[in-house]
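One file, upload_16.csv, is given below (CSV, C-alpha atoms).
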```csv
chain,number,residue,atom,x,y,z
U,1,MET,CA,-25.2,18.5,-0.8
U,2,GLY,CA,-28.9,19.3,-1.4
U,3,ALA,CA,-31.2,17.2,-3.5
U,4,CYS,CA,-29.7,16.1,-6.8
U,5,SER,CA,-29.8,13.1,-9.0
U,6,VAL,CA,-27.5,11.3,-11.5
U,7,SER,CA,-28.9,10.6,-14.9
U,8,LEU,CA,-26.0,9.2,-16.8
U,9,GLY,CA,-27.5,8.7,-20.2
U,10,ALA,CA,-25.6,6.5,-22.6
U,11,CYS,CA,-22.4,4.9,-21.2
U,12,ALA,CA,-19.4,6.0,-23.2
U,13,LEU,CA,-18.4,2.5,-24.1
U,14,ASP,CA,-21.5,0.3,-24.6
U,15,ASN,CA,-24.5,2.7,-24.9
U,16,THR,CA,-26.0,1.2,-21.7
U,17,GLN,CA,-28.7,3.5,-20.3
U,18,VAL,CA,-28.0,4.1,-16.6
U,19,ASP,CA,-29.7,6.2,-13.9
U,20,TYR,CA,-28.6,5.5,-10.4
U,21,GLY,CA,-30.7,8.0,-8.6
U,22,PRO,CA,-30.0,10.7,-6.0
U,23,LEU,CA,-26.6,11.5,-4.5
U,24,ASP,CA,-28.0,12.9,-1.3
U,25,GLY,CA,-29.3,11.0,1.8
U,26,PRO,CA,-27.6,8.7,4.3
U,27,GLY,CA,-24.2,7.1,3.7
U,28,LEU,CA,-23.5,3.8,2.1
U,29,ARG,CA,-23.2,2.2,5.6
U,30,GLU,CA,-27.0,2.6,5.9
U,31,THR,CA,-27.8,0.8,2.6
U,32,PRO,CA,-29.4,-1.7,2.6
U,33,PRO,CA,-30.8,-2.2,6.1
U,34,ARG,CA,-32.6,-5.5,5.3
U,35,SER,CA,-29.9,-7.6,3.6
U,36,GLY,CA,-27.1,-7.0,6.1
U,37,LEU,CA,-24.5,-6.3,3.4
U,38,LEU,CA,-21.7,-4.1,4.7
U,39,TYR,CA,-20.0,-1.4,2.6
U,40,GLY,CA,-16.6,-0.2,3.7
U,41,ALA,CA,-13.2,1.0,2.5
U,42,ALA,CA,-9.5,0.8,3.0
U,43,VAL,CA,-8.1,3.6,5.2
U,44,GLU,CA,-4.8,4.7,6.7
U,45,ALA,CA,-4.5,5.8,10.3
U,46,SER,CA,-2.7,9.0,9.2
U,47,GLN,CA,-5.6,10.0,7.0
U,48,LEU,CA,-8.1,9.6,9.8
U,49,GLY,CA,-5.9,11.5,12.2
U,50,GLU,CA,-4.8,14.4,10.0
U,51,ASP,CA,-7.9,15.0,7.8
U,52,ALA,CA,-11.0,15.7,9.7
U,53,ALA,CA,-13.2,16.0,6.6
U,54,LEU,CA,-12.0,12.6,5.3
U,55,ALA,CA,-12.5,11.1,8.8
U,56,GLY,CA,-16.0,12.4,8.8
U,57,ALA,CA,-16.7,10.9,5.4
U,58,VAL,CA,-15.3,7.5,6.5
U,59,ALA,CA,-17.5,7.6,9.6
U,60,ARG,CA,-20.6,8.5,7.5
U,61,GLU,CA,-20.1,6.1,4.6
U,62,CYS,CA,-18.4,3.0,6.0
U,63,ALA,CA,-19.8,0.2,8.1
U,64,ILE,CA,-16.5,-1.8,7.9
U,65,LEU,CA,-12.9,-0.7,7.5
U,66,VAL,CA,-9.7,-2.4,6.5
U,67,PRO,CA,-6.2,-1.0,7.2
U,68,GLU,CA,-4.6,-0.3,3.8
U,69,GLY,CA,-1.0,-0.7,5.0
U,70,ALA,CA,-0.9,-0.6,8.8
U,71,LEU,CA,-1.1,-4.4,9.3
U,72,LYS,CA,1.4,-5.5,6.6
U,73,TRP,CA,4.7,-6.7,7.7
U,74,ARG,CA,6.7,-3.6,6.8
U,75,ALA,CA,4.5,-1.4,9.0
U,76,LEU,CA,4.2,-3.8,11.9
U,77,ARG,CA,7.8,-5.0,12.0
U,78,PRO,CA,10.3,-2.2,12.2
U,79,ALA,CA,12.8,-4.7,13.6
U,80,SER,CA,12.9,-8.5,13.8
U,81,ASP,CA,12.4,-8.3,17.6
U,82,ARG,CA,9.8,-5.5,17.7
U,83,PHE,CA,6.2,-4.9,16.7
U,84,ASP,CA,4.5,-1.5,16.1
U,85,PHE,CA,0.8,-1.7,16.4
U,86,ARG,CA,0.1,2.1,16.5
U,87,GLY,CA,-1.4,2.4,13.1
U,88,GLY,CA,-3.6,-0.7,13.4
U,89,ASP,CA,-4.7,0.3,16.9
U,90,ALA,CA,-5.7,3.8,15.8
U,91,ILE,CA,-8.0,2.4,13.1
U,92,VAL,CA,-9.5,-0.1,15.5
U,93,ARG,CA,-10.2,2.7,18.0
U,94,PHE,CA,-11.8,4.9,15.2
U,95,ALA,CA,-14.0,2.0,14.2
U,96,SER,CA,-15.1,1.3,17.7
U,97,LEU,CA,-15.9,4.9,18.3
U,98,HIS,CA,-18.1,5.0,15.1
U,99,GLY,CA,-19.8,1.6,15.4
U,100,GLN,CA,-17.8,0.1,12.5
U,101,ARG,CA,-16.3,-3.3,12.0
U,102,VAL,CA,-12.7,-4.0,10.9
U,103,ARG,CA,-11.1,-6.7,8.8
U,104,GLY,CA,-7.4,-7.5,9.0
U,105,HIS,CA,-5.1,-7.2,5.9
U,106,THR,CA,-2.8,-9.2,5.6
U,107,LEU,CA,-0.9,-11.8,7.5
U,108,VAL,CA,1.2,-13.3,4.7
U,109,ARG,CA,2.2,-11.6,1.4
U,110,HIS,CA,5.1,-11.7,-0.9
U,111,GLN,CA,5.5,-7.9,-0.9
U,112,ALA,CA,5.6,-5.2,1.8
U,113,LEU,CA,8.2,-7.2,3.8
U,114,PRO,CA,10.6,-5.2,6.0
U,115,ASP,CA,14.1,-4.5,5.0
U,116,TRP,CA,15.5,-6.9,7.6
U,117,PHE,CA,13.6,-9.9,6.3
U,118,ALA,CA,15.9,-11.0,3.5
U,119,ALA,CA,18.9,-11.1,5.7
U,120,SER,CA,17.2,-12.6,8.7
U,121,ALA,CA,14.9,-15.3,7.3
U,122,GLY,CA,16.2,-18.7,6.2
U,123,SER,CA,14.9,-22.2,5.8
U,124,GLY,CA,15.9,-23.0,9.4
U,125,ASN,CA,13.9,-20.2,11.0
U,126,ALA,CA,11.2,-19.3,8.5
U,127,SER,CA,8.5,-21.5,10.0
U,128,SER,CA,9.0,-20.2,13.5
U,129,LEU,CA,9.2,-16.6,12.2
U,130,LEU,CA,5.9,-17.0,10.3
U,131,ALA,CA,4.1,-18.6,13.2
U,132,ALA,CA,5.4,-16.2,15.8
U,133,HIS,CA,4.3,-13.2,13.6
U,134,ILE,CA,0.8,-14.6,13.1
U,135,GLU,CA,0.4,-15.6,16.8
U,136,THR,CA,1.5,-12.2,18.0
U,137,VAL,CA,-0.6,-10.1,15.5
U,138,CYS,CA,-3.8,-12.2,15.7
U,139,GLY,CA,-3.4,-12.5,19.4
U,140,HIS,CA,-3.1,-8.7,19.8
U,141,TYR,CA,-6.4,-8.2,17.8
U,142,ALA,CA,-8.2,-11.4,18.9
U,143,GLY,CA,-11.9,-10.7,19.2
U,144,GLN,CA,-11.6,-7.2,17.6
U,145,LEU,CA,-11.5,-8.0,13.9
U,146,GLN,CA,-14.3,-9.6,11.9
U,147,ALA,CA,-12.0,-11.3,9.4
U,148,TRP,CA,-8.4,-11.7,8.3
U,149,ASP,CA,-6.9,-11.9,4.8
U,150,VAL,CA,-4.6,-14.6,5.9
U,151,VAL,CA,-2.7,-15.4,2.7
U,152,ASN,CA,-2.6,-12.8,0.0
U,153,GLU,CA,-1.9,-13.1,-3.8
U,154,VAL,CA,-0.7,-16.7,-3.7
U,155,VAL,CA,-1.8,-18.1,-7.1
U,156,ASP,CA,0.2,-17.7,-10.3
U,157,PRO,CA,-0.8,-19.4,-13.6
U,158,ARG,CA,2.7,-18.7,-15.0
U,159,ALA,CA,4.3,-21.1,-12.4
U,160,ALA,CA,4.4,-24.8,-13.3
U,161,HIS,CA,3.0,-25.6,-9.9
U,162,GLY,CA,0.4,-22.8,-10.0
U,163,LEU,CA,1.6,-21.0,-6.9
U,164,ARG,CA,3.4,-17.7,-6.7
U,165,GLU,CA,7.1,-18.2,-5.9
U,166,THR,CA,7.1,-16.0,-2.9
U,167,PRO,CA,9.9,-15.7,-0.3
U,168,TRP,CA,7.7,-18.0,1.9
U,169,TRP,CA,7.3,-20.6,-0.9
U,170,ARG,CA,11.1,-20.6,-1.5
U,171,LEU,CA,11.8,-21.1,2.2
U,172,LEU,CA,9.0,-23.4,3.2
U,173,GLY,CA,7.3,-24.8,0.1
U,174,ALA,CA,3.5,-24.8,-0.4
U,175,GLY,CA,2.9,-25.9,3.2
U,176,TYR,CA,3.3,-22.4,4.5
U,177,ILE,CA,-0.3,-21.7,3.4
U,178,GLY,CA,-1.8,-24.3,5.7
U,179,THR,CA,0.6,-23.3,8.5
U,180,ALA,CA,-0.6,-19.7,8.2
U,181,PHE,CA,-4.3,-20.6,8.4
U,182,ARG,CA,-3.9,-23.0,11.2
U,183,THR,CA,-1.8,-20.6,13.3
U,184,ALA,CA,-4.3,-17.8,12.7
U,185,ARG,CA,-7.2,-20.0,13.7
U,186,ALA,CA,-5.5,-20.9,17.0
U,187,ALA,CA,-4.6,-17.3,17.8
U,188,ASP,CA,-8.1,-15.9,16.9
U,189,PRO,CA,-10.9,-18.4,16.9
U,190,ALA,CA,-13.6,-15.9,16.1
U,191,ALA,CA,-12.2,-14.2,12.9
U,192,VAL,CA,-13.3,-15.5,9.5
U,193,LEU,CA,-10.2,-16.5,7.6
U,194,PHE,CA,-9.8,-15.6,3.9
U,195,LEU,CA,-7.6,-16.4,1.0
U,196,ASN,CA,-7.3,-13.2,-0.9
U,197,ASP,CA,-6.3,-12.7,-4.6
U,198,TYR,CA,-6.8,-10.6,-7.7
U,199,GLY,CA,-7.6,-11.2,-11.3
U,200,LEU,CA,-10.6,-13.5,-10.7
U,201,GLU,CA,-13.4,-11.4,-11.8
U,202,ALA,CA,-13.3,-10.5,-15.5
U,203,ASP,CA,-13.8,-12.7,-18.5
U,204,GLY,CA,-10.8,-14.0,-20.4
U,205,HIS,CA,-8.3,-16.9,-20.7
U,206,ALA,CA,-6.0,-15.5,-18.0
U,207,ALA,CA,-8.8,-15.2,-15.5
U,208,ASP,CA,-10.2,-18.6,-16.4
U,209,ALA,CA,-6.8,-20.1,-15.6
U,210,LYS,CA,-6.5,-18.3,-12.4
U,211,ARG,CA,-10.0,-19.2,-11.3
U,212,GLY,CA,-9.3,-22.8,-11.9
U,213,LEU,CA,-6.1,-22.7,-9.9
U,214,VAL,CA,-7.8,-21.0,-7.0
U,215,LEU,CA,-10.6,-23.6,-6.9
U,216,THR,CA,-8.0,-26.4,-7.0
U,217,LEU,CA,-6.1,-24.8,-4.1
U,218,LEU,CA,-9.2,-24.2,-2.0
U,219,ARG,CA,-10.3,-27.9,-2.5
U,220,ARG,CA,-6.8,-29.1,-1.5
U,221,LEU,CA,-6.7,-26.9,1.6
U,222,LEU,CA,-10.2,-28.0,2.7
U,223,ASP,CA,-9.5,-31.6,2.1
U,224,ALA,CA,-6.4,-31.3,4.3
U,225,GLY,CA,-8.5,-29.8,7.1
U,226,VAL,CA,-7.0,-26.3,6.7
U,227,PRO,CA,-9.4,-23.8,8.3
U,228,VAL,CA,-9.9,-21.5,5.3
U,229,GLN,CA,-13.4,-20.1,5.4
U,230,GLY,CA,-13.6,-17.6,2.6
U,231,LEU,CA,-12.3,-16.2,-0.6
U,232,GLY,CA,-11.5,-12.5,-1.0
U,233,LEU,CA,-11.9,-10.9,-4.5
U,234,GLN,CA,-9.6,-8.0,-4.8
U,235,SER,CA,-11.6,-6.7,-7.8
U,236,HIS,CA,-9.3,-4.1,-9.2
U,237,LEU,CA,-11.4,-3.6,-12.3
U,238,VAL,CA,-11.0,-1.6,-15.5
U,239,VAL,CA,-13.7,0.1,-17.5
U,240,GLY,CA,-14.9,-2.2,-20.2
U,241,ASP,CA,-14.4,-5.5,-18.2
U,242,ARG,CA,-17.1,-8.1,-18.6
U,243,PHE,CA,-18.1,-10.6,-15.9
U,244,ASP,CA,-20.1,-13.3,-17.6
U,245,SER,CA,-18.0,-16.1,-16.2
U,246,LEU,CA,-18.1,-14.8,-12.6
U,247,ILE,CA,-21.4,-16.3,-11.4
U,248,GLY,CA,-20.4,-19.8,-12.3
U,249,PHE,CA,-17.2,-19.4,-10.5
U,250,LEU,CA,-18.9,-18.0,-7.4
U,251,GLU,CA,-21.4,-20.9,-7.4
U,252,GLN,CA,-18.4,-23.3,-7.3
U,253,VAL,CA,-16.9,-21.4,-4.3
U,254,ARG,CA,-20.3,-21.6,-2.6
U,255,GLY,CA,-20.4,-25.3,-3.3
U,256,LEU,CA,-17.2,-25.6,-1.2
U,257,GLY,CA,-19.1,-24.1,1.8
U,258,LEU,CA,-17.1,-20.9,1.7
U,259,ARG,CA,-18.1,-17.3,1.8
U,260,VAL,CA,-16.8,-14.5,-0.5
U,261,ALA,CA,-15.9,-10.9,0.3
U,262,VAL,CA,-15.1,-8.1,-2.2
U,263,THR,CA,-12.1,-6.8,-0.5
U,264,GLU,CA,-10.3,-4.1,-2.6
U,265,LEU,CA,-12.8,-2.8,-5.2
U,266,ASP,CA,-12.0,0.0,-7.6
U,267,VAL,CA,-12.5,0.8,-11.3
U,268,SER,CA,-9.7,2.2,-13.4
U,269,ASP,CA,-10.9,4.8,-16.0
U,270,VAL,CA,-7.7,4.5,-18.1
U,271,PRO,CA,-9.5,3.2,-21.2
U,272,VAL,CA,-11.8,6.2,-21.3
U,273,PRO,CA,-10.7,9.3,-23.2
U,274,GLY,CA,-9.8,12.3,-21.0
U,275,GLN,CA,-12.7,14.7,-21.3
U,276,PRO,CA,-15.4,15.3,-20.3
U,277,VAL,CA,-15.1,14.0,-16.7
U,278,SER,CA,-18.8,13.1,-16.8
U,279,ALA,CA,-18.1,10.5,-19.5
U,280,ARG,CA,-15.4,8.9,-17.4
U,281,ASP,CA,-17.5,8.9,-14.3
U,282,ALA,CA,-20.4,7.4,-16.2
U,283,ALA,CA,-18.2,4.5,-17.5
U,284,VAL,CA,-16.8,3.9,-14.0
U,285,ALA,CA,-20.2,3.8,-12.5
U,286,THR,CA,-21.5,1.4,-15.1
U,287,THR,CA,-18.7,-1.0,-14.4
U,288,TYR,CA,-19.4,-0.9,-10.7
U,289,ALA,CA,-23.0,-1.6,-11.3
U,290,THR,CA,-22.3,-4.4,-13.8
U,291,PHE,CA,-19.9,-6.1,-11.5
U,292,LEU,CA,-21.9,-5.8,-8.3
U,293,GLN,CA,-25.0,-7.1,-10.1
U,294,LYS,CA,-23.0,-10.3,-10.9
U,295,VAL,CA,-21.2,-10.7,-7.6
U,296,LEU,CA,-24.3,-10.2,-5.6
U,297,ALA,CA,-26.5,-12.5,-7.7
U,298,VAL,CA,-25.5,-15.6,-5.8
U,299,PRO,CA,-27.7,-15.6,-2.7
U,300,GLY,CA,-26.0,-15.7,0.6
U,301,LEU,CA,-22.5,-15.5,-0.6
U,302,VAL,CA,-21.1,-12.0,-0.3
U,303,ARG,CA,-21.5,-10.0,2.9
U,304,GLU,CA,-18.8,-7.3,2.6
U,305,VAL,CA,-18.1,-4.9,-0.3
U,306,LEU,CA,-15.0,-2.8,0.4
U,307,THR,CA,-13.5,-0.3,-2.0
U,308,TRP,CA,-9.7,0.2,-1.9
U,309,GLY,CA,-10.0,3.7,-0.6
U,310,LEU,CA,-13.0,6.1,-0.4
U,311,THR,CA,-11.8,9.1,-2.2
U,312,ASP,CA,-9.9,9.7,-5.5
U,313,ALA,CA,-7.5,11.8,-3.6
U,314,THR,CA,-5.9,8.8,-1.9
U,315,THR,CA,-6.2,6.1,-4.5
U,316,TRP,CA,-3.2,3.9,-5.2
U,317,LEU,CA,-4.0,3.9,-8.9
U,318,ARG,CA,-2.8,7.5,-9.3
U,319,SER,CA,0.8,6.4,-8.8
U,320,TYR,CA,0.8,2.7,-9.7
U,321,ARG,CA,-1.5,2.8,-12.7
U,322,PRO,CA,-1.7,6.4,-13.9
U,323,ARG,CA,-3.6,7.6,-17.0
U,324,PRO,CA,-1.3,8.0,-20.0
U,325,ASP,CA,-2.8,11.5,-20.6
U,326,GLY,CA,-1.7,12.7,-17.2
U,327,LEU,CA,-5.2,13.4,-15.9
U,328,PRO,CA,-5.9,12.1,-12.4
U,329,THR,CA,-7.8,8.8,-12.4
U,330,ARG,CA,-11.2,8.8,-10.8
U,331,PRO,CA,-11.8,5.2,-9.6
U,332,LEU,CA,-13.6,5.6,-6.2
U,333,PRO,CA,-17.0,6.6,-4.8
U,334,LEU,CA,-16.0,10.1,-3.7
U,335,ASP,CA,-14.0,12.7,-5.6
U,336,GLU,CA,-11.0,14.7,-4.3
U,337,ALA,CA,-13.3,17.2,-2.6
U,338,LEU,CA,-15.3,14.3,-0.9
U,339,ALA,CA,-18.3,14.9,-3.1
U,340,ARG,CA,-20.3,11.8,-4.1
U,341,LYS,CA,-19.9,10.6,-7.6
U,342,PRO,CA,-22.0,8.4,-9.9
U,343,ALA,CA,-19.9,5.5,-8.6
U,344,TRP,CA,-21.3,6.1,-5.2
U,345,ALA,CA,-24.8,6.0,-6.5
U,346,ALA,CA,-24.1,2.8,-8.4
U,347,ILE,CA,-22.8,1.1,-5.3
U,348,ARG,CA,-25.8,2.3,-3.3
U,349,THR,CA,-28.3,1.1,-5.8
U,350,SER,CA,-26.6,-2.2,-6.2
U,351,LEU,CA,-26.6,-2.9,-2.5
U,352,ALA,CA,-30.2,-1.7,-2.2
U,353,ARG,CA,-31.4,-4.2,-4.8
U,354,ALA,CA,-29.7,-7.2,-3.1
U,355,ASP,CA,-32.0,-9.9,-2.0
U,356,ALA,CA,-33.5,-9.1,1.4
U,357,ARG,CA,-33.2,-12.8,2.3
U,358,TYR,CA,-29.4,-12.6,1.9
U,359,MET,CA,-27.9,-15.0,4.5
U,360,ILE,CA,-24.4,-16.3,5.2
U,361,PRO,CA,-24.2,-20.0,4.2
U,362,SER,CA,-23.0,-22.4,6.9
U,363,PRO,CA,-19.3,-22.7,6.5
U,364,ARG,CA,-17.8,-26.1,5.7
U,365,LYS,CA,-17.0,-27.8,9.0
U,366,GLN,CA,-13.3,-27.6,9.7
U,367,ALA,CA,-11.2,-30.3,11.2
```

As a first step, turn the structure in this file into structure tokens.
Amino acid sequence: MGACSVSLGACALDNTQVDYGPLDGPGLRETPPRSGLLYGAAVEASQLGEDAALAGAVARECAILVPEGALKWRALRPASDRFDFRGGDAIVRFASLHGQRVRGHTLVRHQALPDWFAASAGSGNASSLLAAHIETVCGHYAGQLQAWDVVNEVVDPRAAHGLRETPWWRLLGAGYIGTAFRTARAADPAAVLFLNDYGLEADGHAADAKRGLVLTLLRRLLDAGVPVQGLGLQSHLVVGDRFDSLIGFLEQVRGLGLRVAVTELDVSDVPVPGQPVSARDAAVATTYATFLQKVLAVPGLVREVLTWGLTDATTWLRSYRPRPDGLPTRPLPLDEALARKPAWAAIRTSLARADARYMIPSPRKQA
């Protein structure tokens, strides 16, 4: 790329002066060497196999990978009696070849279930179906993955009981959460086991309610001896979000003896007017920096920061949350041509400023 630097000037939304430094140099996986923080991204096996330039960028930038879809039920279970590990295995092989780690996503979720599930799963067999799935998948990857998002998107403040009324909840009640964690622990004793959810980062009444429910659920699981070891923050952010309440919440999570991972980070630029692109990129970068400053402020808590994709060309936000003006959204560290953006520099600088004494806290002892 040659030597260049990003001097963003005034942020389009709040007049914050930002200068995140050069866009050349080693990849994010090399920053920072002292703190041990890992940067990574969600990937698909097809992207790595069919796009050599993207595969090269993933190898250069990422120290840890997460399969975006390959380890969800729909991809893994083409039939009730069959597993398809080809996508997940390809990502694990790629990571091994490039000295990267892998986290698993996800063992239990209310979406991305295969078409056969609704007709085949009932109250009489749901428990054995869930356990057999987790035993098989975790057993297949035992010792190869750093962590698992065991249960995904489980809290819902709109429900009277505070839990999302998933197919698993309807068939098994709230006990399915503990079953999933215990089964995963037995099948893969080495992986760190996470509860993963969204909407926990920004200020506001909705997030306050959800943070409270997550803390209540985590305390209940730990008191019951359920081997939950961490909380994943999906962190699908929007330009203009504020995070003043986040540090207090993270301190409470640390007080439970748990670790935290930023598992699905991106920043939507929908609130920023369309042109110029530089203003949108500046606002996105400022949101990255503001968030990471908060989430990395609690010593020893976060060890992984993963964006949900590496390049704007593959972001889920273009189809799920498009800009109303029709312009392509730009939420990730690299643009469509794999060039580094201000967001890349903001992530690099945020990681580099993390405390060099950053250490993982001792997890709460599990029964």

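Our summary of the geometry notes that atom CA of Val58 of chain U is positioned 21.4 Å from atom CA of Ala289 of chain U.
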
>> Report, in Å with one decimal, the straight-line distance from atom CA of Leu171 of chain U to atom CA of Ala119 of chain U.
In response: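 Atom CA of Ala119 of chain U lies 12.8 Å from atom CA of Leu171 of chain U.
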
Find the residues near Val154 of chain U: any atom within 9 Å, counting all atoms listed in the file, skip ones fewer than 6 places away on the same chain, and give them as a PDB file with C-alpha atoms, in the coordinates of the input.
```pdb
ATOM      1  CA  ARG U 109       2.200 -11.600   1.400  1.00  0.00           C
ATOM      2  CA  HIS U 110       5.100 -11.700  -0.900  1.00  0.00           C
ATOM      3  CA  GLY U 162       0.400 -22.800 -10.000  1.00  0.00           C
ATOM      4  CA  LEU U 163       1.600 -21.000  -6.900  1.00  0.00           C
ATOM      5  CA  ARG U 164       3.400 -17.700  -6.700  1.00  0.00           C
ATOM      6  CA  GLU U 165       7.100 -18.200  -5.900  1.00  0.00           C
ATOM      7  CA  THR U 166       7.100 -16.000  -2.900  1.00  0.00           C
ATOM      8  CA  ILE U 177      -0.300 -21.700   3.400  1.00  0.00           C
ATOM      9  CA  LEU U 195      -7.600 -16.400   1.000  1.00  0.00           C
ATOM     10  CA  ASN U 196      -7.300 -13.200  -0.900  1.00  0.00           C
ATOM     11  CA  ASP U 197      -6.300 -12.700  -4.600  1.00  0.00           C
ATOM     12  CA  VAL U 214      -7.800 -21.000  -7.000  1.00  0.00           C
TER      13      VAL U 214
END
```

> How many Å lie between atom CA of Ile91 of chain U and atom CA of Val43 of chain U, rounded to one decimal?
Replying inline: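 Separation of atom CA of Ile91 of chain U and atom CA of Val43 of chain U: 8.0 Å.
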
>> At a cut-off of 7 Å, using all atoms listed in the file, what residues contact Val305 of chain U? Leave out same-chain residues fewer than 3 positions from it and give the result as a ChimeraX atom specification.
In response: /U:38-40,261-263

Complete the atoms of segment 83-106 of chain U to N, CA and C atoms and put them out as a short mmCIF file (atom, residue, chain, number, x, y, z; two decimals), keeping the file's coordinate frame.
```cif
data_model
loop_
_atom_site.label_atom_id
_atom_site.label_comp_id
_atom_site.auth_asym_id
_atom_site.auth_seq_id
_atom_site.Cartn_x
_atom_site.Cartn_y
_atom_site.Cartn_z
N PHE U 83 7.42 -5.14 17.40
CA PHE U 83 6.20 -4.90 16.70
C PHE U 83 5.72 -3.47 16.95
N ASP U 84 5.08 -2.86 15.95
CA ASP U 84 4.50 -1.50 16.10
C ASP U 84 3.06 -1.55 15.67
N PHE U 85 2.18 -1.56 16.67
CA PHE U 85 0.80 -1.70 16.40
C PHE U 85 0.04 -0.33 16.39
N ARG U 86 0.77 0.77 16.39
CA ARG U 86 0.10 2.10 16.50
C ARG U 86 -0.89 2.36 15.43
N GLY U 87 -0.51 2.09 14.17
CA GLY U 87 -1.40 2.40 13.10
C GLY U 87 -2.67 1.52 13.12
N GLY U 88 -2.49 0.22 13.30
CA GLY U 88 -3.60 -0.70 13.40
C GLY U 88 -4.53 -0.35 14.56
N ASP U 89 -3.92 -0.06 15.70
CA ASP U 89 -4.70 0.30 16.90
C ASP U 89 -5.53 1.53 16.70
N ALA U 90 -4.96 2.52 16.01
CA ALA U 90 -5.70 3.80 15.80
C ALA U 90 -6.93 3.52 14.92
N ILE U 91 -6.81 2.66 13.91
CA ILE U 91 -8.00 2.40 13.10
C ILE U 91 -9.01 1.57 13.84
N VAL U 92 -8.59 0.63 14.66
CA VAL U 92 -9.50 -0.10 15.50
C VAL U 92 -10.27 0.80 16.46
N ARG U 93 -9.55 1.75 17.05
CA ARG U 93 -10.20 2.70 18.00
C ARG U 93 -11.21 3.57 17.22
N PHE U 94 -10.84 4.05 16.03
CA PHE U 94 -11.80 4.90 15.20
C PHE U 94 -13.01 4.06 14.92
N ALA U 95 -12.84 2.83 14.51
CA ALA U 95 -14.00 2.00 14.20
C ALA U 95 -14.88 1.76 15.39
N SER U 96 -14.28 1.50 16.53
CA SER U 96 -15.10 1.30 17.70
C SER U 96 -15.87 2.53 18.10
N LEU U 97 -15.25 3.69 17.94
CA LEU U 97 -15.90 4.90 18.30
C LEU U 97 -17.13 5.19 17.36
N HIS U 98 -17.05 4.71 16.09
CA HIS U 98 -18.10 5.00 15.10
C HIS U 98 -18.97 3.78 14.78
N GLY U 99 -18.90 2.77 15.61
CA GLY U 99 -19.80 1.60 15.40
C GLY U 99 -19.47 0.84 14.14
N GLN U 100 -18.20 0.76 13.75
CA GLN U 100 -17.80 0.10 12.50
C GLN U 100 -17.06 -1.21 12.85
N ARG U 101 -17.06 -2.12 11.91
CA ARG U 101 -16.30 -3.30 12.00
C ARG U 101 -14.95 -3.18 11.31
N VAL U 102 -14.03 -4.11 11.55
CA VAL U 102 -12.70 -4.00 10.90
C VAL U 102 -12.32 -5.44 10.46
N ARG U 103 -11.72 -5.51 9.26
CA ARG U 103 -11.10 -6.70 8.80
C ARG U 103 -9.60 -6.52 8.71
N GLY U 104 -8.84 -7.58 8.94
CA GLY U 104 -7.40 -7.50 9.00
C GLY U 104 -6.78 -7.82 7.61
N HIS U 105 -5.76 -7.06 7.23
CA HIS U 105 -5.10 -7.20 5.90
C HIS U 105 -3.61 -6.87 6.13
N THR U 106 -2.68 -7.75 5.89
CA THR U 106 -2.80 -9.20 5.60
C THR U 106 -1.68 -9.84 6.36
#
```
